[in-house]
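Enquirer: My file is final_13.pdb. It has PDB, C-alpha atoms:
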ATOM      1  CA  MET A   1       0.000   0.000   0.000
ATOM      2  CA  SER A   2       1.197   3.508  -0.786
ATOM      3  CA  SER A   3       2.807   5.478   2.036
ATOM      4  CA  ARG A   4       0.945   8.629   0.973
ATOM      5  CA  PRO A   5      -2.104   8.872   3.256
ATOM      6  CA  GLU A   6      -4.216  10.782   0.720
ATOM      7  CA  LEU A   7      -4.055   7.748  -1.586
ATOM      8  CA  GLN A   8      -5.255   5.333   1.078
ATOM      9  CA  ALA A   9      -8.594   6.834   2.130
ATOM     10  CA  PRO A  10     -10.516  10.115   2.317
ATOM     11  CA  PRO A  11      -9.230  12.363   5.140
ATOM     12  CA  GLU A  12     -12.350  12.019   7.282
ATOM     13  CA  ILE A  13     -11.841   8.229   7.200
ATOM     14  CA  PHE A  14      -8.048   8.040   7.306
ATOM     15  CA  TYR A  15      -7.802  10.314  10.344
ATOM     16  CA  ASP A  16      -9.890   8.116  12.625
ATOM     17  CA  ASP A  17      -9.523   7.845  16.404
ATOM     18  CA  VAL A  18      -6.386   5.697  16.109
ATOM     19  CA  GLU A  19      -4.609   7.944  13.605
ATOM     20  CA  ALA A  20      -5.651  11.139  15.382
ATOM     21  CA  ARG A  21      -4.304   9.807  18.686
ATOM     22  CA  LYS A  22      -0.805   9.675  17.172
ATOM     23  CA  TYR A  23      -0.742  13.475  17.224
ATOM     24  CA  THR A  24      -0.688  13.358  21.026
ATOM     25  CA  SER A  25       1.239  10.131  21.631
ATOM     26  CA  SER A  26       3.973  10.078  18.972
ATOM     27  CA  SER A  27       6.868  12.380  19.880
ATOM     28  CA  ARG A  28       8.150  12.191  16.293
ATOM     29  CA  ILE A  29       4.863  13.382  14.769
ATOM     30  CA  ILE A  30       4.508  16.102  17.400
ATOM     31  CA  GLU A  31       8.023  17.391  16.666
ATOM     32  CA  ILE A  32       7.498  17.344  12.887
ATOM     33  CA  GLN A  33       4.183  19.193  13.131
ATOM     34  CA  ALA A  34       5.658  21.767  15.492
ATOM     35  CA  ASN A  35       8.667  22.432  13.235
ATOM     36  CA  LEU A  36       6.478  22.785  10.140
ATOM     37  CA  SER A  37       4.123  25.139  11.952
ATOM     38  CA  VAL A  38       6.988  27.304  13.221
ATOM     39  CA  ARG A  39       8.399  27.573   9.705
ATOM     40  CA  ALA A  40       4.953  28.398   8.257
ATOM     41  CA  LEU A  41       4.501  31.133  10.848
ATOM     42  CA  GLU A  42       7.949  32.482   9.982
ATOM     43  CA  LEU A  43       7.036  32.621   6.278
ATOM     44  CA  LEU A  44       3.755  34.310   7.186
ATOM     45  CA  ALA A  45       5.939  37.321   8.116
ATOM     46  CA  LEU A  46       3.428  38.985  10.433
ATOM     47  CA  PRO A  47       4.331  42.474  11.729
ATOM     48  CA  ASP A  48       6.440  42.342  14.887
ATOM     49  CA  ASP A  49       4.423  44.929  16.764
ATOM     50  CA  GLY A  50       3.078  42.834  19.607
ATOM     51  CA  VAL A  51      -0.504  42.990  18.312
ATOM     52  CA  PRO A  52      -2.179  39.557  18.175
ATOM     53  CA  ARG A  53      -3.646  38.590  14.806
ATOM     54  CA  LEU A  54      -6.643  36.433  13.912
ATOM     55  CA  LEU A  55      -5.282  33.508  11.917
ATOM     56  CA  LEU A  56      -6.882  30.587  10.123
ATOM     57  CA  ASP A  57      -5.382  27.147  10.768
ATOM     58  CA  ILE A  58      -6.387  24.605   8.122
ATOM     59  CA  GLY A  59      -5.523  21.161   9.457
ATOM     60  CA  LEU A  60      -5.129  21.975  13.159
ATOM     61  CA  SER A  61      -1.603  23.033  14.065
ATOM     62  CA  GLY A  62      -2.836  25.930  16.133
ATOM     63  CA  GLU A  63      -0.919  25.424  19.367
ATOM     64  CA  THR A  64       2.114  27.059  17.749
ATOM     65  CA  LEU A  65      -0.071  30.065  16.947
ATOM     66  CA  SER A  66      -1.217  30.305  20.570
ATOM     67  CA  GLU A  67       2.369  30.117  21.806
ATOM     68  CA  ASN A  68       3.162  33.142  19.640
ATOM     69  CA  GLY A  69       0.275  35.141  21.090
ATOM     70  CA  HIS A  70      -2.186  34.945  18.197
ATOM     71  CA  GLN A  71      -5.864  34.114  18.114
ATOM     72  CA  TRP A  72      -6.922  31.476  15.629
ATOM     73  CA  VAL A  73      -9.739  29.499  14.067
ATOM     74  CA  GLY A  74      -9.047  25.849  13.235
ATOM     75  CA  LEU A  75     -10.738  23.944  10.400
ATOM     76  CA  ASP A  76     -10.622  20.188   9.877
ATOM     77  CA  ILE A  77     -12.749  17.586   8.111
ATOM     78  CA  SER A  78     -12.006  14.865  10.672
ATOM     79  CA  GLN A  79     -14.213  14.755  13.761
ATOM     80  CA  SER A  80     -11.562  12.618  15.494
ATOM     81  CA  MET A  81      -8.932  15.340  14.995
ATOM     82  CA  LEU A  82     -11.313  17.935  16.434
ATOM     83  CA  ASP A  83     -12.031  15.680  19.424
ATOM     84  CA  ILE A  84      -8.305  15.407  20.130
ATOM     85  CA  ALA A  85      -7.983  19.194  19.934
ATOM     86  CA  LEU A  86     -10.865  19.598  22.399
ATOM     87  CA  GLU A  87      -9.267  17.035  24.683
ATOM     88  CA  ARG A  88      -6.054  19.051  24.694
ATOM     89  CA  GLU A  89      -8.057  22.196  25.495
ATOM     90  CA  VAL A  90      -6.615  24.265  22.684
ATOM     91  CA  GLU A  91      -7.278  28.002  22.796
ATOM     92  CA  GLY A  92      -8.615  28.398  19.252
ATOM     93  CA  ASP A  93     -12.141  28.072  17.901
ATOM     94  CA  LEU A  94     -12.752  24.819  16.004
ATOM     95  CA  LEU A  95     -14.801  24.203  12.873
ATOM     96  CA  LEU A  96     -15.767  20.922  11.217
ATOM     97  CA  GLY A  97     -15.787  21.348   7.460
ATOM     98  CA  ASP A  98     -14.533  20.306   4.034
ATOM     99  CA  MET A  99     -12.190  22.944   2.641
ATOM    100  CA  GLY A 100     -12.950  21.644  -0.863
ATOM    101  CA  GLN A 101     -16.445  23.097  -0.486
ATOM    102  CA  GLY A 102     -15.188  26.523   0.558
ATOM    103  CA  LEU A 103     -14.380  27.981   3.955
ATOM    104  CA  GLY A 104     -17.601  29.854   4.695
ATOM    105  CA  LEU A 105     -15.936  32.754   6.530
ATOM    106  CA  ARG A 106     -16.822  36.431   6.299
ATOM    107  CA  PRO A 107     -14.811  38.458   3.758
ATOM    108  CA  GLY A 108     -11.670  40.183   4.994
ATOM    109  CA  VAL A 109     -11.767  38.965   8.616
ATOM    110  CA  ILE A 110      -8.629  36.770   8.605
ATOM    111  CA  ASP A 111      -5.173  38.360   8.969
ATOM    112  CA  GLY A 112      -3.274  35.268   7.811
ATOM    113  CA  ALA A 113      -3.628  31.536   7.236
ATOM    114  CA  ILE A 114      -1.441  28.462   7.567
ATOM    115  CA  SER A 115      -1.962  24.853   6.569
ATOM    116  CA  ILE A 116       0.242  21.819   7.168
ATOM    117  CA  SER A 117       0.016  18.807   4.851
ATOM    118  CA  ALA A 118      -3.605  19.364   3.866
ATOM    119  CA  VAL A 119      -4.030  21.019   0.453
ATOM    120  CA  GLN A 120      -2.764  18.040  -1.594
ATOM    121  CA  TRP A 121      -5.803  16.055  -0.412
ATOM    122  CA  LEU A 122      -7.931  18.214  -2.720
ATOM    123  CA  CYS A 123      -6.154  16.747  -5.755
ATOM    124  CA  ASN A 124      -7.893  13.382  -5.254
ATOM    125  CA  ALA A 125     -11.449  12.503  -6.219
ATOM    126  CA  ASP A 126     -12.688  10.492  -3.238
ATOM    127  CA  LYS A 127     -16.302  10.665  -4.435
ATOM    128  CA  SER A 128     -17.951  10.630  -7.844
ATOM    129  CA  SER A 129     -18.970  14.248  -7.254
ATOM    130  CA  HIS A 130     -15.393  15.366  -6.562
ATOM    131  CA  VAL A 131     -13.601  17.292  -9.307
ATOM    132  CA  PRO A 132     -10.114  18.293  -8.053
ATOM    133  CA  LYS A 133      -9.927  21.428 -10.197
ATOM    134  CA  LEU A 134     -13.286  22.675  -8.914
ATOM    135  CA  ARG A 135     -12.497  21.796  -5.299
ATOM    136  CA  LEU A 136      -9.208  23.691  -5.485
ATOM    137  CA  LYS A 137     -11.034  26.649  -7.037
ATOM    138  CA  ALA A 138     -13.619  26.641  -4.231
ATOM    139  CA  PHE A 139     -10.919  26.471  -1.573
ATOM    140  CA  PHE A 140      -8.610  29.152  -2.946
ATOM    141  CA  GLY A 141     -11.505  31.414  -3.916
ATOM    142  CA  SER A 142     -12.965  31.370  -0.403
ATOM    143  CA  LEU A 143      -9.487  31.706   1.140
ATOM    144  CA  TYR A 144      -8.817  34.800  -0.976
ATOM    145  CA  ARG A 145     -12.119  36.362   0.070
ATOM    146  CA  CYS A 146     -11.730  35.792   3.808
ATOM    147  CA  LEU A 147      -8.178  37.207   3.958
ATOM    148  CA  ALA A 148      -7.660  40.886   4.662
ATOM    149  CA  ARG A 149      -6.146  42.859   1.796
ATOM    150  CA  GLY A 150      -2.410  42.164   1.822
ATOM    151  CA  GLY A 151      -2.870  39.145   4.104
ATOM    152  CA  ARG A 152      -0.697  36.126   3.493
ATOM    153  CA  ALA A 153      -1.357  32.385   3.457
ATOM    154  CA  VAL A 154       1.399  29.790   3.902
ATOM    155  CA  LEU A 155       0.397  26.273   2.881
ATOM    156  CA  GLN A 156       2.871  23.432   3.405
ATOM    157  CA  VAL A 157       2.192  20.743   0.807
ATOM    158  CA  TYR A 158       3.463  17.343  -0.306
ATOM    159  CA  PRO A 159       2.654  17.322  -4.043
ATOM    160  CA  GLU A 160       2.852  13.876  -5.589
ATOM    161  CA  ASN A 161       4.456  15.136  -8.811
ATOM    162  CA  ILE A 162       5.200  18.274 -10.825
ATOM    163  CA  GLN A 163       1.761  18.221 -12.467
ATOM    164  CA  GLN A 164       0.038  18.233  -9.081
ATOM    165  CA  ARG A 165       2.231  21.092  -7.860
ATOM    166  CA  GLU A 166       1.427  23.142 -10.951
ATOM    167  CA  LEU A 167      -2.299  22.398 -10.588
ATOM    168  CA  ILE A 168      -2.296  23.698  -7.018
ATOM    169  CA  LEU A 169      -0.245  26.795  -7.834
ATOM    170  CA  ARG A 170      -2.255  27.593 -10.960
ATOM    171  CA  SER A 171      -5.533  27.278  -9.042
ATOM    172  CA  ALA A 172      -4.276  29.797  -6.473
ATOM    173  CA  MET A 173      -3.107  32.287  -9.097
ATOM    174  CA  HIS A 174      -6.365  32.130 -11.049
ATOM    175  CA  VAL A 175      -8.429  33.455  -8.134
ATOM    176  CA  GLY A 176      -6.127  36.475  -7.690
ATOM    177  CA  PHE A 177      -3.301  35.423  -5.362
ATOM    178  CA  SER A 178       0.275  36.495  -5.989
ATOM    179  CA  GLY A 179       3.217  34.475  -4.718
ATOM    180  CA  GLY A 180       4.932  31.183  -5.405
ATOM    181  CA  VAL A 181       6.568  28.131  -3.876
ATOM    182  CA  VAL A 182       9.339  28.245  -1.275
ATOM    183  CA  VAL A 183      11.446  25.090  -1.071
ATOM    184  CA  ASP A 184      13.539  24.313   2.003
ATOM    185  CA  TYR A 185      16.497  21.955   1.492
ATOM    186  CA  PRO A 186      15.754  21.424  -2.224
ATOM    187  CA  HIS A 187      18.552  18.860  -2.724
ATOM    188  CA  SER A 188      17.633  16.646   0.226
ATOM    189  CA  SER A 189      15.084  13.883  -0.397
ATOM    190  CA  LYS A 190      14.403  13.545   3.349
ATOM    191  CA  LYS A 191      14.398  17.149   4.588
ATOM    192  CA  ARG A 192      12.893  18.784   1.495
ATOM    193  CA  LYS A 193       9.754  20.753   2.301
ATOM    194  CA  GLU A 194       7.566  22.893   0.046
ATOM    195  CA  TYR A 195       5.513  25.891   1.149
ATOM    196  CA  LEU A 196       3.030  27.705  -1.043
ATOM    197  CA  VAL A 197       3.369  31.352   0.001
ATOM    198  CA  LEU A 198       0.440  33.440  -1.230
ATOM    199  CA  THR A 199      -0.517  37.076  -0.790
ATOM    200  CA  CYS A 200      -4.029  38.452  -1.152
ATOM    201  CA  GLY A 201      -3.669  41.130  -3.790
ATOM    202  CA  PRO A 202      -1.389  42.048  -6.699
ATOM    203  CA  PRO A 203       2.373  41.404  -6.468
ATOM    204  CA  SER A 204       4.642  44.129  -5.130
ATOM    205  CA  VAL A 205       8.078  44.526  -3.574
ATOM    206  CA  SER A 206       6.651  44.096  -0.082
ATOM    207  CA  THR A 207       4.850  40.885  -1.044
ATOM    208  CA  SER A 208       7.764  39.130  -2.758
ATOM    209  CA  VAL A 209       8.242  35.450  -1.961
ATOM    210  CA  PRO A 210      11.064  34.665   0.502
ATOM    211  CA  THR A 211      13.808  32.203  -0.336
ATOM    212  CA  GLY A 212      14.000  28.683   1.034
ATOM    213  CA  LYS A 213      16.561  27.291   3.453
ATOM    214  CA  GLY A 214      19.641  25.451   2.217
ATOM    215  CA  GLU A 215      21.453  22.479   3.700
ATOM    216  CA  ASP A 216      23.320  24.718   6.160
ATOM    217  CA  GLY A 217      20.068  26.250   7.387
ATOM    218  CA  GLU A 218      20.742  29.534   5.596
ATOM    219  CA  SER A 219      18.621  30.977   2.814
ATOM    220  CA  SER A 220      18.987  29.219  -0.493
ATOM    221  CA  SER A 221      18.968  31.505  -3.523
ATOM    222  CA  ASP A 222      16.911  30.773  -6.620
ATOM    223  CA  ASN A 223      20.087  30.123  -8.630
ATOM    224  CA  GLU A 224      21.150  27.311  -6.354
ATOM    225  CA  SER A 225      18.093  25.251  -7.202
ATOM    226  CA  SER A 226      17.589  26.300 -10.813
ATOM    227  CA  GLY A 227      19.931  23.611 -12.091
ATOM    228  CA  ASP A 228      17.528  20.904 -10.994
ATOM    229  CA  GLU A 229      14.945  20.298 -13.722
ATOM    230  CA  GLU A 230      12.263  19.615 -11.144
ATOM    231  CA  ASN A 231      13.028  22.785  -9.224
ATOM    232  CA  GLN A 232      12.633  24.943 -12.299
ATOM    233  CA  THR A 233       8.873  24.840 -11.708
ATOM    234  CA  VAL A 234       9.383  25.767  -8.048
ATOM    235  CA  CYS A 235      10.049  29.453  -8.485
ATOM    236  CA  ILE A 236       8.392  32.766  -7.789
ATOM    237  CA  SER A 237       5.229  33.108  -9.846
ATOM    238  CA  ASP A 238       3.474  36.432 -10.215
ATOM    239  CA  ARG A 239      -0.273  36.527 -10.344
ATOM    240  CA  HIS A 240      -1.709  36.085 -13.794
ATOM    241  CA  ARG A 241      -5.325  35.726 -14.719
ATOM    242  CA  PRO A 242      -6.178  33.485 -17.677
ATOM    243  CA  LYS A 243      -6.309  35.532 -20.832
ATOM    244  CA  LYS A 244      -9.508  35.475 -22.806
ATOM    245  CA  LYS A 245      -9.187  33.664 -26.086
ATOM    246  CA  GLN A 246      -9.309  36.022 -29.004
ATOM    247  CA  LYS A 247     -12.117  35.237 -31.383
ATOM    248  CA  ILE A 248     -10.968  34.773 -34.951
ATOM    249  CA  THR A 249     -13.732  35.820 -37.292
ATOM    250  CA  LYS A 250     -13.998  35.420 -41.021
ATOM    251  CA  LYS A 251     -13.706  39.184 -41.281
ATOM    252  CA  GLY A 252     -10.046  38.970 -40.317
ATOM    253  CA  ARG A 253      -9.255  36.237 -42.844
ATOM    254  CA  GLY A 254      -8.530  38.146 -46.010
ATOM    255  CA  ARG A 255      -7.101  37.064 -49.340
ATOM    256  CA  ASP A 256      -3.504  36.994 -48.099
ATOM    257  CA  TRP A 257      -4.447  34.645 -45.272
ATOM    258  CA  VAL A 258      -6.313  32.293 -47.631
ATOM    259  CA  LEU A 259      -3.438  32.222 -50.136
ATOM    260  CA  LYS A 260      -0.991  31.457 -47.333
ATOM    261  CA  LYS A 261      -3.065  28.541 -46.103
ATOM    262  CA  LYS A 262      -3.506  27.154 -49.610
ATOM    263  CA  GLU A 263       0.259  27.307 -50.158
ATOM    264  CA  GLN A 264       0.860  25.420 -46.916
ATOM    265  CA  ARG A 265      -1.526  22.681 -48.027
ATOM    266  CA  ARG A 266       0.199  22.452 -51.400
ATOM    267  CA  ARG A 267       3.562  21.919 -49.666
ATOM    268  CA  ARG A 268       1.984  19.053 -47.729
ATOM    269  CA  GLY A 269       0.893  17.481 -50.990
ATOM    270  CA  ASP A 270      -2.827  18.171 -50.602
ATOM    271  CA  ASP A 271      -5.086  18.662 -53.593
ATOM    272  CA  VAL A 272      -5.780  22.414 -53.601
ATOM    273  CA  PRO A 273      -7.862  24.368 -56.168
ATOM    274  CA  PRO A 274      -5.848  26.875 -58.231
ATOM    275  CA  ASP A 275      -5.753  30.545 -57.269
ATOM    276  CA  THR A 276      -8.087  32.802 -59.249
ATOM    277  CA  LYS A 277      -9.491  36.304 -59.012
ATOM    278  CA  TYR A 278     -12.397  34.826 -57.075
ATOM    279  CA  THR A 279     -10.186  33.345 -54.349
ATOM    280  CA  ALA A 280     -11.225  34.634 -50.892
ATOM    281  CA  ARG A 281     -13.849  36.902 -52.432
ATOM    282  CA  LYS A 282     -16.832  37.357 -50.152
ATOM    283  CA  ARG A 283     -20.097  36.016 -51.490
ATOM    284  CA  LYS A 284     -23.128  38.215 -51.657
ATOM    285  CA  ALA A 285     -26.025  37.617 -49.311
ATOM    286  CA  ARG A 286     -28.117  36.184 -52.178
ATOM    287  CA  PHE A 287     -27.228  34.623 -55.456
TER
END
Would it be possible to restate this file's structure as structure tokens?
Expert:
Amino acid sequence: MSSRPELQAPPEIFYDDVEARKYTSSSRIIEIQANLSVRALELLALPDDGVPRLLLDIGLSGETLSENGHQWVGLDISQSMLDIALEREVEGDLLLGDMGQGLGLRPGVIDGAISISAVQWLCNADKSSHVPKLRLKAFFGSLYRCLARGGRAVLQVYPENIQQRELILRSAMHVGFSGGVVVDYPHSSKKRKEYLVLTCGPPSVSTSVPTGKGEDGESSSDNESSGDEENQTVCISDRHRPKKKQKITKKGRGRDWVLKKKEQRRRRGDDVPPDTKYTARKRKARF
């Protein structure tokens, strides 16, 4: 069986009472979650002014947020994970919900958002009604709306392949986010971690994507990872909305265009009628 949990069962089934209990009993899992949350909070780059922010925690890693003095709202699809959080008496508010159906929060109320190992679950169709592209659109669209203008979201992900990474990033950019992917330890198969760093609003100097950490723990420049073919897709991506397809009408296809196409077909060996004075001439409305 695959080691990737999202390929084994839907999240609300995979994270049952037994699996959820590991987040309080396994020191290894606790340490990993804490380290990822600390790094996500660092990439969130909140102002260091001592004012607590209201943050959204998608996947329940909120204890790190409480330790840093912030208020938070936690969202998870697993009732077992929420029960564990209640048992631990976390300080945040908890919501049971499917992020693939949208977040259902008021516009502009969230100062920042983090998510650890959750977004890649949306790339799987666990039900016949699930369409990954539409679920990602619903999630990122609602996330964009609930963030305050200029607010940032940091989503740690484990994409299965390059295509999945591009699908997630493209879905975020299409709803209006600016940002890109930050990769820590890009040349290490064990320590490599990817964070989708998004800003609500158009790109600017103040919203540029930070660099990832290298093997020595220092920042790794873009040039250091650009030699890896896989890492070429893991770079800063400015927001771009899909361009509308230009309609090509018959009005724009004049005689020169028709002659060019006929010549191309002749070079391919096709049987093409000879050129005459009537070639590309517009017919009258009636004969």
Enquirer: I need the residue set behind the PyMOL selection byres ((chain A and resi 119) around 10) for this file; please write it as a list of chain:residue names.
Expert: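 After applying the PyMOL selection byres ((chain A and resi 119) around 10), what remains is A:Ile58, A:Gly59, A:Met99, A:Gly100, A:Ser115, A:Ile116, A:Ser117, A:Ala118, A:Gln120, A:Trp121, A:Leu122, A:Cys123, A:Leu136, A:Phe139, A:Phe140, A:Leu155, A:Gln156, A:Val157, A:Tyr158, A:Pro159, A:Ile168, A:Leu196.
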Enquirer: In Å, rounded to a single decimal, give me how far CA of Ser142 in chain A is from CA of Leu41 in chain A.
Expert: 20.8 Å
Enquirer: Interatomic distance between CA of Lys137 in chain A and CA of Ala172 in chain A?
Expert: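 CA of Ala172 in chain A lies 7.5 Å from CA of Lys137 in chain A.
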Enquirer: Determine the nearest neighbour of Arg135 in chain A from the options A:Ala148, A:Leu167, A:Ala153, A:Ile13, counting all atoms listed in the file.
Expert: A:Leu167
Enquirer: Neighbouring residues of Gln71 in chain A were defined as those with any atom within 8 Å, considering all atoms listed in the file; residues of the same chain fewer than 2 positions away were excluded. Please report them as a JSON list (two decimals) with C-alpha atoms, in the frame of the given file.
Expert:
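Saved file out_10.json follows:
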[["chain", "number", "residue", "atom", "x", "y", "z"],
["A", 52, "PRO", "CA", -2.18, 39.56, 18.18],
["A", 53, "ARG", "CA", -3.65, 38.59, 14.81],
["A", 54, "LEU", "CA", -6.64, 36.43, 13.91],
["A", 55, "LEU", "CA", -5.28, 33.51, 11.92],
["A", 65, "LEU", "CA", -0.07, 30.06, 16.95],
["A", 66, "SER", "CA", -1.22, 30.30, 20.57],
["A", 69, "GLY", "CA", 0.28, 35.14, 21.09],
["A", 73, "VAL", "CA", -9.74, 29.50, 14.07],
["A", 91, "GLU", "CA", -7.28, 28.00, 22.80],
["A", 92, "GLY", "CA", -8.62, 28.40, 19.25]]
